[in-house]
$ cat run.tsv   # TSV, C-alpha atoms and all ligand atoms
chain	number	residue	atom	x	y	z
A	19	MET	CA	-40.90	3.77	-17.22
A	20	THR	CA	-43.44	5.69	-15.15
A	21	GLU	CA	-41.13	5.30	-12.16
A	22	LEU	CA	-38.20	7.07	-13.78
A	23	ARG	CA	-37.56	10.43	-12.10
A	24	ILE	CA	-34.91	13.09	-12.50
A	25	ASP	CA	-32.53	13.90	-9.63
A	26	ARG	CA	-33.90	17.07	-8.04
A	27	GLU	CA	-30.72	17.96	-6.16
A	28	ARG	CA	-28.50	17.41	-9.14
A	29	LEU	CA	-30.76	19.58	-11.32
A	30	TRP	CA	-30.69	22.36	-8.70
A	31	ASP	CA	-26.88	22.14	-8.50
A	32	THR	CA	-26.49	22.61	-12.24
A	33	MET	CA	-28.89	25.59	-12.11
A	34	MET	CA	-26.92	27.22	-9.31
A	35	THR	CA	-23.58	26.52	-11.01
A	36	ILE	CA	-24.76	28.44	-14.07
A	37	ALA	CA	-26.22	31.20	-11.85
A	38	LYS	CA	-22.73	31.86	-10.44
A	39	ILE	CA	-21.47	32.81	-13.90
A	40	GLY	CA	-22.13	36.55	-14.06
A	41	ALA	CA	-23.71	36.53	-10.58
A	42	THR	CA	-24.94	39.98	-9.53
A	43	ALA	CA	-24.86	41.57	-6.08
A	44	GLY	CA	-28.67	41.44	-5.99
A	45	GLY	CA	-28.78	37.65	-6.31
A	46	GLY	CA	-29.40	37.41	-10.04
A	47	SER	CA	-27.29	36.83	-13.13
A	48	ARG	CA	-25.92	39.06	-15.86
A	49	ARG	CA	-24.96	37.20	-19.02
A	50	LEU	CA	-25.70	39.39	-22.01
A	51	ALA	CA	-25.57	37.46	-25.28
A	52	LEU	CA	-22.06	36.64	-26.56
A	53	THR	CA	-20.23	38.35	-23.70
A	54	ASP	CA	-17.50	36.55	-21.75
A	55	GLU	CA	-20.07	35.49	-19.14
A	56	ASP	CA	-22.34	34.01	-21.79
A	57	ARG	CA	-19.33	32.21	-23.28
A	58	GLN	CA	-18.44	30.71	-19.89
A	59	ALA	CA	-22.00	29.42	-19.40
A	60	ARG	CA	-21.96	27.96	-22.91
A	61	ASP	CA	-18.59	26.31	-22.29
A	62	GLN	CA	-19.95	24.75	-19.10
A	63	PHE	CA	-22.98	23.38	-20.95
A	64	CYS	CA	-20.75	21.90	-23.69
A	65	ALA	CA	-18.43	20.33	-21.09
A	66	TRP	CA	-21.33	18.70	-19.24
A	67	MET	CA	-22.88	17.34	-22.41
A	68	ARG	CA	-19.56	15.94	-23.63
A	69	GLU	CA	-19.07	14.27	-20.24
A	70	SER	CA	-22.43	12.62	-20.87
A	71	GLY	CA	-21.14	11.28	-24.17
A	72	CYS	CA	-23.11	13.65	-26.38
A	73	ALA	CA	-21.75	14.93	-29.68
A	74	VAL	CA	-21.72	18.73	-29.56
A	75	THR	CA	-22.26	20.70	-32.79
A	76	ILE	CA	-22.16	24.48	-33.12
A	77	ASP	CA	-23.80	26.16	-36.09
A	78	GLN	CA	-23.00	29.45	-37.81
A	79	MET	CA	-25.36	31.29	-35.46
A	80	GLY	CA	-23.68	29.86	-32.37
A	81	ASN	CA	-26.66	27.62	-31.62
A	82	VAL	CA	-25.31	24.56	-29.79
A	83	PHE	CA	-26.78	21.08	-30.31
A	84	ALA	CA	-25.80	18.28	-27.91
A	85	ARG	CA	-26.88	14.98	-29.39
A	86	ARG	CA	-27.56	11.70	-27.61
A	87	ARG	CA	-27.59	8.91	-30.15
A	88	GLY	CA	-30.71	6.97	-31.04
A	89	ARG	CA	-30.84	3.36	-32.21
A	90	ASN	CA	-32.00	4.78	-35.52
A	91	ASP	CA	-29.60	7.67	-35.58
A	92	ALA	CA	-30.80	8.78	-39.00
A	93	ALA	CA	-34.27	9.47	-37.58
A	94	PRO	CA	-35.07	13.13	-36.90
A	95	PRO	CA	-34.14	14.15	-33.34
A	96	VAL	CA	-36.50	14.94	-30.49
A	97	MET	CA	-35.30	18.37	-29.40
A	98	VAL	CA	-35.46	20.17	-26.05
A	99	GLY	CA	-33.82	23.45	-25.15
A	100	SER	CA	-33.88	27.15	-24.38
A	101	HIS	CA	-31.25	29.84	-23.72
A	102	LEU	CA	-28.56	30.88	-21.22
A	103	ASP	CA	-28.25	34.58	-22.08
A	104	THR	CA	-29.96	37.03	-19.71
A	105	VAL	CA	-31.14	40.63	-19.55
A	106	PRO	CA	-28.72	43.03	-17.75
A	107	THR	CA	-30.29	42.41	-14.33
A	108	GLY	CA	-31.65	38.94	-14.98
A	109	GLY	CA	-32.74	36.14	-12.70
A	110	ARG	CA	-31.30	32.65	-12.27
A	111	PHE	CA	-34.14	30.73	-13.95
A	112	ASP	CA	-35.28	32.40	-17.18
A	113	GLY	CA	-34.01	30.19	-20.00
A	114	VAL	CA	-31.58	28.32	-17.79
A	115	ILE	CA	-34.21	25.81	-16.65
A	116	GLY	CA	-34.99	24.80	-20.24
A	117	VAL	CA	-31.35	23.99	-20.96
A	118	MET	CA	-30.49	22.44	-17.59
A	119	ALA	CA	-33.62	20.27	-17.78
A	120	GLY	CA	-32.03	18.88	-20.95
A	121	VAL	CA	-28.73	18.24	-19.17
A	122	GLU	CA	-30.54	16.49	-16.32
A	123	LEU	CA	-32.75	14.50	-18.67
A	124	VAL	CA	-29.73	13.06	-20.50
A	125	ARG	CA	-28.02	12.21	-17.20
A	126	THR	CA	-31.16	10.45	-15.98
A	127	LEU	CA	-31.36	8.39	-19.16
A	128	ASP	CA	-27.68	7.48	-18.86
A	129	ASP	CA	-28.12	6.42	-15.20
A	130	ASP	CA	-30.91	4.08	-16.22
A	131	ARG	CA	-29.20	2.98	-19.42
A	132	VAL	CA	-32.21	4.01	-21.44
A	133	ARG	CA	-31.90	3.65	-25.19
A	134	THR	CA	-34.29	5.41	-27.51
A	135	GLU	CA	-35.19	4.90	-31.14
A	136	HIS	CA	-34.77	8.61	-32.03
A	137	PRO	CA	-31.74	10.69	-31.15
A	138	ILE	CA	-32.38	13.36	-28.51
A	139	GLU	CA	-30.81	16.81	-28.93
A	140	VAL	CA	-30.46	19.42	-26.21
A	141	VAL	CA	-30.21	22.81	-27.88
A	142	LEU	CA	-28.86	26.10	-26.57
A	143	TRP	CA	-30.12	29.01	-28.68
A	144	THR	CA	-28.14	32.22	-29.28
A	145	ASN	CA	-29.36	35.71	-28.30
A	146	GLU	CA	-32.82	34.84	-27.02
A	147	GLU	CA	-33.26	37.95	-24.89
A	148	GLY	CA	-32.57	40.59	-27.49
A	149	SER	CA	-31.05	42.90	-24.85
A	150	ARG	CA	-27.65	43.24	-26.47
A	151	PHE	CA	-28.61	42.43	-30.07
A	152	SER	CA	-32.12	42.91	-31.46
A	153	PRO	CA	-34.43	41.24	-32.29
A	154	PHE	CA	-34.88	38.55	-29.66
A	155	THR	CA	-34.92	34.76	-30.38
A	156	LEU	CA	-32.45	35.50	-33.15
A	157	GLY	CA	-30.69	32.11	-33.19
A	158	SER	CA	-33.86	30.06	-33.37
A	159	MET	CA	-35.35	32.37	-36.02
A	160	VAL	CA	-32.39	31.77	-38.34
A	161	PHE	CA	-32.65	28.01	-37.68
A	162	ALA	CA	-36.36	28.11	-38.53
A	163	GLY	CA	-35.70	30.10	-41.71
A	164	GLN	CA	-37.57	33.21	-40.54
A	165	VAL	CA	-34.64	35.60	-40.97
A	166	SER	CA	-31.44	35.19	-42.95
A	167	LEU	CA	-28.05	34.35	-41.48
A	168	ASP	CA	-26.58	37.51	-43.04
A	169	PHE	CA	-29.23	39.68	-41.39
A	170	ALA	CA	-28.54	38.06	-38.01
A	171	HIS	CA	-24.76	38.29	-38.34
A	172	ALA	CA	-24.97	42.01	-39.11
A	173	ARG	CA	-26.98	43.01	-36.01
A	174	GLY	CA	-25.20	45.69	-33.97
A	175	GLU	CA	-25.24	46.29	-30.24
A	176	VAL	CA	-28.39	47.87	-28.77
A	177	THR	CA	-26.59	48.40	-25.49
A	178	ARG	CA	-23.74	50.37	-27.13
A	179	PRO	CA	-25.03	51.81	-30.40
A	180	GLY	CA	-22.16	52.80	-32.65
A	181	SER	CA	-19.66	50.37	-31.10
A	182	GLY	CA	-19.38	48.70	-34.50
A	183	LEU	CA	-19.46	45.22	-32.94
A	184	THR	CA	-21.80	42.79	-34.65
A	185	VAL	CA	-23.25	39.41	-33.76
A	186	LYS	CA	-20.78	37.79	-36.15
A	187	ASP	CA	-17.80	39.58	-34.54
A	188	GLU	CA	-18.84	38.42	-31.09
A	189	LEU	CA	-19.60	34.87	-32.23
A	190	ALA	CA	-16.06	34.70	-33.60
A	191	ARG	CA	-14.48	36.31	-30.53
A	192	THR	CA	-16.19	33.92	-28.11
A	193	GLY	CA	-15.43	30.84	-30.22
A	194	TYR	CA	-19.05	30.17	-31.15
A	195	LEU	CA	-19.00	30.97	-34.85
A	196	GLY	CA	-19.55	27.32	-35.69
A	197	ALA	CA	-19.05	25.56	-39.00
A	198	ALA	CA	-22.38	23.74	-39.23
A	199	PRO	CA	-24.92	25.44	-41.45
A	200	CYS	CA	-27.68	27.22	-39.54
A	201	ALA	CA	-30.62	26.02	-41.56
A	202	THR	CA	-33.81	24.12	-41.05
A	203	ARG	CA	-33.41	20.37	-40.94
A	204	PRO	CA	-35.89	17.64	-40.01
A	205	VAL	CA	-36.81	17.75	-36.30
A	206	ALA	CA	-39.25	15.18	-34.89
A	207	CYS	CA	-40.59	17.67	-32.33
A	208	TYR	CA	-39.45	20.42	-29.98
A	209	PHE	CA	-40.18	20.88	-26.27
A	210	GLU	CA	-39.24	23.94	-24.21
A	211	LEU	CA	-39.53	24.13	-20.44
A	212	HIS	CA	-39.47	27.71	-19.14
A	213	ASN	CA	-40.43	29.56	-16.00
A	214	GLU	CA	-43.82	31.27	-16.25
A	215	GLN	CA	-42.49	34.81	-15.70
A	216	GLY	CA	-45.89	35.71	-14.28
A	217	PRO	CA	-47.88	34.95	-11.10
A	218	MET	CA	-50.69	32.73	-12.40
A	219	LEU	CA	-49.46	29.20	-11.62
A	220	GLY	CA	-48.41	30.23	-8.13
A	221	GLU	CA	-51.74	31.94	-7.45
A	222	THR	CA	-53.84	29.01	-8.65
A	223	GLY	CA	-51.68	26.42	-6.88
A	224	HIS	CA	-50.51	24.53	-9.98
A	225	GLU	CA	-47.13	22.84	-10.33
A	226	VAL	CA	-47.01	22.67	-14.12
A	227	GLY	CA	-48.39	24.92	-16.87
A	228	ILE	CA	-49.17	23.39	-20.26
A	229	VAL	CA	-48.64	26.26	-22.68
A	230	THR	CA	-51.30	25.96	-25.37
A	231	GLY	CA	-50.20	28.99	-27.35
A	232	SER	CA	-49.34	32.63	-27.16
A	233	PHE	CA	-50.77	36.07	-26.88
A	234	SER	CA	-50.68	38.16	-30.04
A	235	ALA	CA	-48.05	40.86	-29.97
A	236	ARG	CA	-46.82	43.63	-32.24
A	237	TYR	CA	-43.63	45.57	-31.67
A	238	PHE	CA	-42.95	49.05	-32.99
A	239	VAL	CA	-40.39	51.81	-33.08
A	240	ALA	CA	-42.06	55.21	-32.74
A	241	THR	CA	-39.87	58.01	-34.10
A	242	ILE	CA	-40.75	61.41	-32.65
A	243	ARG	CA	-39.17	64.35	-34.45
A	244	GLY	CA	-39.08	67.78	-32.84
A	245	ASP	CA	-36.42	70.43	-33.23
A	246	ALA	CA	-33.07	70.98	-31.56
A	247	GLY	CA	-32.54	74.21	-29.67
A	248	HIS	CA	-30.54	75.85	-26.90
A	249	VAL	CA	-31.90	74.81	-23.49
A	250	GLY	CA	-31.25	78.35	-22.26
A	251	GLY	CA	-32.19	80.50	-25.17
A	252	ALA	CA	-35.36	78.85	-26.47
A	253	PRO	CA	-38.55	80.25	-24.85
A	254	MET	CA	-40.80	77.50	-23.52
A	255	ASP	CA	-43.65	78.21	-25.88
A	256	ARG	CA	-41.47	77.93	-28.97
A	257	ARG	CA	-39.93	74.54	-28.28
A	258	ARG	CA	-40.63	71.30	-30.04
A	259	ASP	CA	-38.97	68.96	-27.56
A	260	ALA	CA	-39.05	65.41	-28.92
A	261	LEU	CA	-38.58	63.91	-25.46
A	262	VAL	CA	-41.68	65.73	-24.20
A	263	GLY	CA	-43.54	64.21	-27.16
A	264	ALA	CA	-42.13	60.76	-26.36
A	265	SER	CA	-43.11	61.14	-22.70
A	266	ARG	CA	-46.70	61.90	-23.65
A	267	LEU	CA	-46.69	58.83	-25.89
A	268	VAL	CA	-45.29	56.61	-23.11
A	269	LEU	CA	-48.19	57.63	-20.86
A	270	GLU	CA	-50.66	56.81	-23.64
A	271	VAL	CA	-49.07	53.38	-24.22
A	272	ASN	CA	-49.46	52.65	-20.53
A	273	ARG	CA	-53.09	53.82	-20.57
A	274	ILE	CA	-53.87	51.59	-23.57
A	275	GLY	CA	-52.36	48.63	-21.72
A	276	ARG	CA	-54.66	49.30	-18.76
A	277	THR	CA	-57.79	49.84	-20.86
A	278	TYR	CA	-58.28	46.40	-22.37
A	279	GLY	CA	-58.63	44.20	-19.31
A	280	PRO	CA	-56.38	41.72	-17.49
A	281	ASP	CA	-55.29	40.03	-20.75
A	282	ALA	CA	-53.81	43.24	-22.16
A	283	ARG	CA	-50.21	44.44	-22.04
A	284	ALA	CA	-48.57	47.52	-23.53
A	285	ASN	CA	-44.97	48.58	-23.01
A	286	ALA	CA	-42.53	51.31	-23.93
A	287	PRO	CA	-39.30	49.98	-22.40
A	288	HIS	CA	-36.50	51.47	-24.50
A	289	LEU	CA	-35.64	54.82	-26.04
A	290	GLU	CA	-32.82	56.37	-28.01
A	291	LEU	CA	-32.44	60.08	-27.70
A	292	PHE	CA	-30.68	62.47	-30.10
A	293	PRO	CA	-28.44	64.28	-29.62
A	294	ASN	CA	-28.67	63.24	-25.93
A	295	VAL	CA	-26.44	65.94	-24.45
A	296	ARG	CA	-27.16	68.37	-21.64
A	297	GLY	CA	-27.27	71.67	-23.53
A	298	VAL	CA	-29.58	70.73	-26.41
A	299	ILE	CA	-33.35	70.30	-26.56
A	300	PRO	CA	-33.89	66.73	-27.85
A	301	ALA	CA	-34.52	66.78	-31.58
A	302	GLU	CA	-35.44	63.13	-32.08
A	303	VAL	CA	-36.47	60.16	-29.98
A	304	ARG	CA	-36.82	56.57	-31.08
A	305	LEU	CA	-39.11	54.79	-28.68
A	306	SER	CA	-39.61	51.00	-28.73
A	307	CYS	CA	-43.14	49.99	-27.80
A	308	ASP	CA	-45.49	47.04	-28.11
A	309	VAL	CA	-49.11	45.97	-27.64
A	310	ARG	CA	-50.19	42.44	-26.68
A	311	HIS	CA	-53.46	40.67	-26.01
A	312	ALA	CA	-54.78	37.12	-25.63
A	313	GLU	CA	-57.35	37.90	-28.36
A	314	VAL	CA	-55.88	38.87	-31.70
A	315	ALA	CA	-58.84	41.16	-32.55
A	316	THR	CA	-58.32	43.12	-29.34
A	317	MET	CA	-54.59	43.39	-30.05
A	318	HIS	CA	-55.53	44.97	-33.41
A	319	ARG	CA	-57.80	47.46	-31.62
A	320	MET	CA	-54.95	48.35	-29.26
A	321	GLU	CA	-52.64	48.93	-32.22
A	322	ALA	CA	-55.26	51.11	-33.95
A	323	GLU	CA	-55.64	53.16	-30.79
A	324	LEU	CA	-51.87	53.59	-30.50
A	325	ARG	CA	-51.71	54.87	-34.07
A	326	ASP	CA	-54.66	57.25	-33.51
A	327	VAL	CA	-53.07	58.62	-30.36
A	328	ALA	CA	-49.78	59.20	-32.19
A	329	THR	CA	-51.56	61.14	-34.94
A	330	ARG	CA	-53.42	63.25	-32.39
A	331	LEU	CA	-50.29	63.96	-30.33
A	332	ALA	CA	-48.26	64.86	-33.41
A	333	LYS	CA	-50.89	67.43	-34.39
A	334	GLU	CA	-51.20	68.87	-30.90
A	335	LEU	CA	-47.43	69.14	-30.36
A	336	GLY	CA	-46.46	70.17	-33.89
A	337	MET	CA	-44.10	67.22	-34.27
A	338	ALA	CA	-43.82	64.29	-36.65
A	339	ILE	CA	-44.53	60.90	-35.08
A	340	GLU	CA	-43.98	57.85	-37.22
A	341	ILE	CA	-44.78	54.32	-36.08
A	342	GLU	CA	-43.03	51.45	-37.75
A	343	GLN	CA	-43.59	47.79	-36.90
A	344	TYR	CA	-40.39	45.79	-36.46
A	345	TYR	CA	-41.64	42.45	-35.16
A	346	GLU	CA	-44.80	40.51	-34.47
A	347	PHE	CA	-45.82	37.14	-33.21
A	348	GLY	CA	-48.96	35.23	-32.42
A	349	PRO	CA	-51.50	34.09	-32.10
A	350	ILE	CA	-49.43	30.89	-31.85
A	351	ARG	CA	-51.23	27.62	-31.32
A	352	PHE	CA	-48.92	24.80	-30.23
A	353	ASP	CA	-49.39	21.27	-31.60
A	354	ASP	CA	-52.55	19.53	-30.33
A	355	GLY	CA	-50.92	16.10	-30.18
A	356	MET	CA	-47.96	17.47	-28.19
A	357	LEU	CA	-50.31	19.27	-25.80
A	358	ALA	CA	-52.38	16.10	-25.27
A	359	LEU	CA	-49.18	14.19	-24.52
A	360	LEU	CA	-48.04	16.79	-21.97
A	361	ARG	CA	-51.44	16.82	-20.23
A	362	ASP	CA	-51.55	13.00	-20.09
A	363	THR	CA	-48.00	12.89	-18.77
A	364	ALA	CA	-48.63	15.50	-16.06
A	365	ARG	CA	-51.79	13.64	-15.03
A	366	ARG	CA	-50.05	10.26	-14.96
A	367	LEU	CA	-47.21	11.60	-12.82
A	368	GLY	CA	-49.74	13.10	-10.40
A	369	TYR	CA	-48.90	16.79	-10.81
A	370	ARG	CA	-51.42	19.62	-10.53
A	371	TRP	CA	-51.41	21.19	-13.99
A	372	ARG	CA	-53.39	23.71	-15.97
A	373	ASP	CA	-53.46	25.19	-19.47
A	374	ILE	CA	-51.90	28.63	-19.86
A	375	LEU	CA	-50.86	31.06	-22.62
A	376	THR	CA	-47.44	32.65	-22.96
A	377	VAL	CA	-47.37	36.45	-23.09
A	378	ALA	CA	-43.65	36.54	-23.86
A	379	GLY	CA	-41.93	35.38	-27.03
A	380	HIS	CA	-39.77	32.25	-26.79
A	381	ASP	CA	-37.58	30.12	-29.06
A	382	ALA	CA	-40.51	27.67	-29.15
A	383	VAL	CA	-42.42	30.28	-31.16
A	384	SER	CA	-39.76	30.04	-33.89
A	385	MET	CA	-39.69	26.23	-33.73
A	386	ASN	CA	-43.48	26.00	-33.95
A	387	SER	CA	-43.20	27.02	-37.61
A	388	ILE	CA	-41.10	23.98	-38.57
A	389	CYS	CA	-42.06	21.04	-36.31
A	390	PRO	CA	-44.63	19.90	-33.71
A	391	THR	CA	-43.83	22.10	-30.72
A	392	ALA	CA	-45.08	22.64	-27.17
A	393	MET	CA	-43.97	24.43	-24.02
A	394	LEU	CA	-44.20	23.75	-20.31
A	395	PHE	CA	-44.14	26.40	-17.61
A	396	THR	CA	-42.81	26.01	-14.14
A	397	PRO	CA	-44.15	28.40	-11.44
A	398	SER	CA	-42.41	31.72	-10.87
A	399	ARG	CA	-42.51	32.52	-7.17
A	400	ALA	CA	-41.83	35.95	-5.61
A	401	ASP	CA	-45.11	37.24	-7.12
A	402	GLY	CA	-44.08	35.97	-10.52
A	403	VAL	CA	-41.35	38.57	-11.08
A	404	SER	CA	-38.95	37.86	-13.92
A	405	HIS	CA	-36.27	39.83	-15.77
A	406	ASN	CA	-35.45	40.72	-12.18
A	407	GLU	CA	-32.75	39.48	-9.83
A	408	ARG	CA	-35.44	38.32	-7.38
A	409	GLU	CA	-36.87	35.80	-9.85
A	410	TYR	CA	-37.37	32.47	-8.05
A	411	SER	CA	-38.65	28.94	-8.49
A	412	THR	CA	-38.29	26.14	-5.92
A	413	PRO	CA	-36.29	22.94	-6.51
A	414	GLU	CA	-39.65	21.09	-6.43
A	415	ASP	CA	-41.08	23.39	-9.13
A	416	LEU	CA	-38.12	22.69	-11.40
A	417	ALA	CA	-38.27	18.95	-10.75
A	418	ALA	CA	-41.99	18.74	-11.55
A	419	GLY	CA	-41.60	20.42	-14.94
A	420	THR	CA	-38.48	18.42	-15.77
A	421	ASN	CA	-40.15	15.10	-14.91
A	422	VAL	CA	-43.06	15.89	-17.23
A	423	LEU	CA	-40.55	16.90	-19.89
A	424	LEU	CA	-38.57	13.68	-19.40
A	425	HIS	CA	-41.55	11.38	-19.90
A	426	ALA	CA	-42.96	13.38	-22.81
A	427	VAL	CA	-39.55	13.20	-24.53
A	428	LEU	CA	-39.37	9.46	-23.89
A	429	ALA	CA	-42.81	8.97	-25.41
A	430	LYS	CA	-41.68	10.79	-28.56
A	431	ALA	CA	-38.17	9.33	-28.77
A	432	ARG	CA	-39.57	5.83	-28.08
A	433	VAL	CA	-37.81	3.77	-25.44
A	434	ILE	CA	-36.43	0.52	-26.78
A	435	GLU	CA	-34.44	-0.64	-23.78
A	436	SER	CA	-33.77	0.33	-20.18
A	437	ARG	CA	-32.26	-1.24	-17.09
A	501	ZN	ZN	-36.40	33.20	-21.51
$ encode --input "run.tsv" --output "structure tokens"
Amino acid sequence: MTELRIDRERLWDTMMTIAKIGATAGGGSRRLALTDEDRQARDQFCAWMRESGCAVTIDQMGNVFARRRGRNDAAPPVMVGSHLDTVPTGGRFDGVIGVMAGVELVRTLDDDRVRTEHPIEVVLWTNEEGSRFSPFTLGSMVFAGQVSLDFAHARGEVTRPGSGLTVKDELARTGYLGAAPCATRPVACYFELHNEQGPMLGETGHEVGIVTGSFSARYFVATIRGDAGHVGGAPMDRRRDALVGASRLVLEVNRIGRTYGPDARANAPHLELFPNVRGVIPAEVRLSCDVRHAEVATMHRMEAELRDVATRLAKELGMAIEIEQYYEFGPIRFDDGMLALLRDTARRLGYRWRDILTVAGHDAVSMNSICPTAMLFTPSRADGVSHNEREYSTPEDLAAGTNVLLHAVLAKARVIESR
């Protein structure tokens, strides 16, 4: 079985076919969760998997499971997958590689008439990015029992607050409000192949990253309350402009991110401004921010510093600043047995590999709570940019990661017969 290899050209073709759905002028893709573009990409995935003879099931969260039968079809499935939704100016690789690697893997097994003991399921998770509906990795979190289906269904649009549209509405509209319950069920193990979304593999000349775990991250909404006023009438020294307060906080978040070494990150990427009209001094700002670090203790120090800074700024500016945590993850440690298998497989296939941590959250983080889980990274070229239309990986990069995935899946699903 060591000789079995995926078809590099065919894998690249499927990637580029998906990239055309919602293609942007800048060479990327725009498929916000549960939009028409996302629906088209999902339909394409379902069509391909049905052509391969898989049974396609959609659950109440719109997660799609394409199942290739095992000899013992009652055995828990070996699962691989990721997502096809993107950020507004997304690249062609983020998420897509994890799903298309599954498509290619099934085709390769069919070509070689490989039968496995366990069923294999390729899963497409709903709303991974969290751009349109927050929080991110929503579909996999419901599957893993971390948030309720009702909570997920009721999420409203971040991109158009007040539109009244919810996740459930858009699942129904796009035909992905499935009948299958979205609840934890036995899964033998879960693999996710993803692009690195950073420059490390490219810089160190590795073809495959074995993701041993994650950074620790905490996500907050900082609410800054000032006072509304007339932008003409109010003298400068009597204003309490919430956006000025938020701006000071953004600079502090950035400084904290730069203070704790190369393994630190801190972001303030989204704000909501009230009343957000031209004639009124902003009365309230809700700023999303996060701190992340490879060491959990350092992440806690970063959080403490953020809270201290907010208290100090509030006092200095005469405003109220409240910081509320809305999400956290890590430190995640992926399954030791799965990691050993991935390292052995990469070594056996002759790829240059290294261990690496993920800074970003992924569906694998949800799955890690219910079954043995591990991730593989494929290099991100173009200086490692991601969530950017310039995001790039080579056909060889994608093939290397998918070949390791293929043989790791076969080891877990247990080959009983092949041509
Ligand atoms: Zn992703």
$ closest_atom_pairs --input "run.tsv" --of "chain A" --to "ligand ZN 501 (chain A)" --cutoff "12 Å" --atoms "all atoms listed in the file" --output "CSV"
residue,atom,partner,partner_atom,distance
A:Gly99,CA,A:ZN501,ZN,10.7
A:Ser100,CA,A:ZN501,ZN,7.2
A:His101,CA,A:ZN501,ZN,6.5
A:Leu102,CA,A:ZN501,ZN,8.2
A:Asp103,CA,A:ZN501,ZN,8.3
A:Thr104,CA,A:ZN501,ZN,7.7
A:Val105,CA,A:ZN501,ZN,9.3
A:Gly108,CA,A:ZN501,ZN,9.9
A:Gly109,CA,A:ZN501,ZN,10.0
A:Arg110,CA,A:ZN501,ZN,10.6
A:Phe111,CA,A:ZN501,ZN,8.3
A:Asp112,CA,A:ZN501,ZN,4.5
A:Gly113,CA,A:ZN501,ZN,4.1
A:Val114,CA,A:ZN501,ZN,7.8
A:Ile115,CA,A:ZN501,ZN,9.1
A:Gly116,CA,A:ZN501,ZN,8.6
A:Val117,CA,A:ZN501,ZN,10.5
A:Leu142,CA,A:ZN501,ZN,11.5
A:Trp143,CA,A:ZN501,ZN,10.4
A:Thr144,CA,A:ZN501,ZN,11.4
A:Asn145,CA,A:ZN501,ZN,10.1
A:Glu146,CA,A:ZN501,ZN,6.8
A:Glu147,CA,A:ZN501,ZN,6.6
A:Gly148,CA,A:ZN501,ZN,10.2
A:Ser149,CA,A:ZN501,ZN,11.6
A:Phe154,CA,A:ZN501,ZN,9.9
A:Thr155,CA,A:ZN501,ZN,9.1
A:Glu210,CA,A:ZN501,ZN,10.1
A:Leu211,CA,A:ZN501,ZN,9.7
A:His212,CA,A:ZN501,ZN,6.7
A:Asn213,CA,A:ZN501,ZN,7.7
A:Glu214,CA,A:ZN501,ZN,9.3
A:Gln215,CA,A:ZN501,ZN,8.6
A:Thr376,CA,A:ZN501,ZN,11.1
A:Val377,CA,A:ZN501,ZN,11.5
A:Ala378,CA,A:ZN501,ZN,8.3
A:Gly379,CA,A:ZN501,ZN,8.1
A:His380,CA,A:ZN501,ZN,6.3
A:Asp381,CA,A:ZN501,ZN,8.2
A:Ala382,CA,A:ZN501,ZN,10.3
A:Val383,CA,A:ZN501,ZN,11.7
A:Met393,CA,A:ZN501,ZN,11.9
A:Phe395,CA,A:ZN501,ZN,11.0
A:Ser404,CA,A:ZN501,ZN,9.3
A:His405,CA,A:ZN501,ZN,8.8
A:Glu409,CA,A:ZN501,ZN,12.0
$ write_last_selection --input "run.tsv" --atoms "C-alpha atoms" --output "compact mmCIF listing (two decimals), in the coordinates of the input"
# COMPACT_ATOMS: atom_id res chain seq x y z
CA GLY A 99 -33.82 23.45 -25.15
CA SER A 100 -33.88 27.15 -24.38
CA HIS A 101 -31.25 29.84 -23.72
CA LEU A 102 -28.56 30.88 -21.22
CA ASP A 103 -28.25 34.58 -22.08
CA THR A 104 -29.96 37.03 -19.71
CA VAL A 105 -31.14 40.63 -19.55
CA GLY A 108 -31.65 38.94 -14.98
CA GLY A 109 -32.74 36.14 -12.70
CA ARG A 110 -31.30 32.65 -12.27
CA PHE A 111 -34.14 30.73 -13.95
CA ASP A 112 -35.28 32.40 -17.18
CA GLY A 113 -34.01 30.19 -20.00
CA VAL A 114 -31.58 28.32 -17.79
CA ILE A 115 -34.21 25.81 -16.65
CA GLY A 116 -34.99 24.80 -20.24
CA VAL A 117 -31.35 23.99 -20.96
CA LEU A 142 -28.86 26.10 -26.57
CA TRP A 143 -30.12 29.01 -28.68
CA THR A 144 -28.14 32.22 -29.28
CA ASN A 145 -29.36 35.71 -28.30
CA GLU A 146 -32.82 34.84 -27.02
CA GLU A 147 -33.26 37.95 -24.89
CA GLY A 148 -32.57 40.59 -27.49
CA SER A 149 -31.05 42.90 -24.85
CA PHE A 154 -34.88 38.55 -29.66
CA THR A 155 -34.92 34.76 -30.38
CA GLU A 210 -39.24 23.94 -24.21
CA LEU A 211 -39.53 24.13 -20.44
CA HIS A 212 -39.47 27.71 -19.14
CA ASN A 213 -40.43 29.56 -16.00
CA GLU A 214 -43.82 31.27 -16.25
CA GLN A 215 -42.49 34.81 -15.70
CA THR A 376 -47.44 32.65 -22.96
CA VAL A 377 -47.37 36.45 -23.09
CA ALA A 378 -43.65 36.54 -23.86
CA GLY A 379 -41.93 35.38 -27.03
CA HIS A 380 -39.77 32.25 -26.79
CA ASP A 381 -37.58 30.12 -29.06
CA ALA A 382 -40.51 27.67 -29.15
CA VAL A 383 -42.42 30.28 -31.16
CA MET A 393 -43.97 24.43 -24.02
CA PHE A 395 -44.14 26.40 -17.61
CA SER A 404 -38.95 37.86 -13.92
CA HIS A 405 -36.27 39.83 -15.77
CA GLU A 409 -36.87 35.80 -9.85
$ closest_residue --input "run.tsv" --among "A:Gly297, A:Ala431, A:Pro199, A:Val239" --to "Arg86 of chain A" --atoms "only C-alpha atoms"
A:Ala431
$ residues_around --input "run.tsv" --residues "segment 280-283 of chain A" --least-positions-apart "4" --cutoff "8 Å" --atoms "all atoms listed in the file" --output "MDAnalysis selection string"
chainID A and resid 275:276 309:312 317
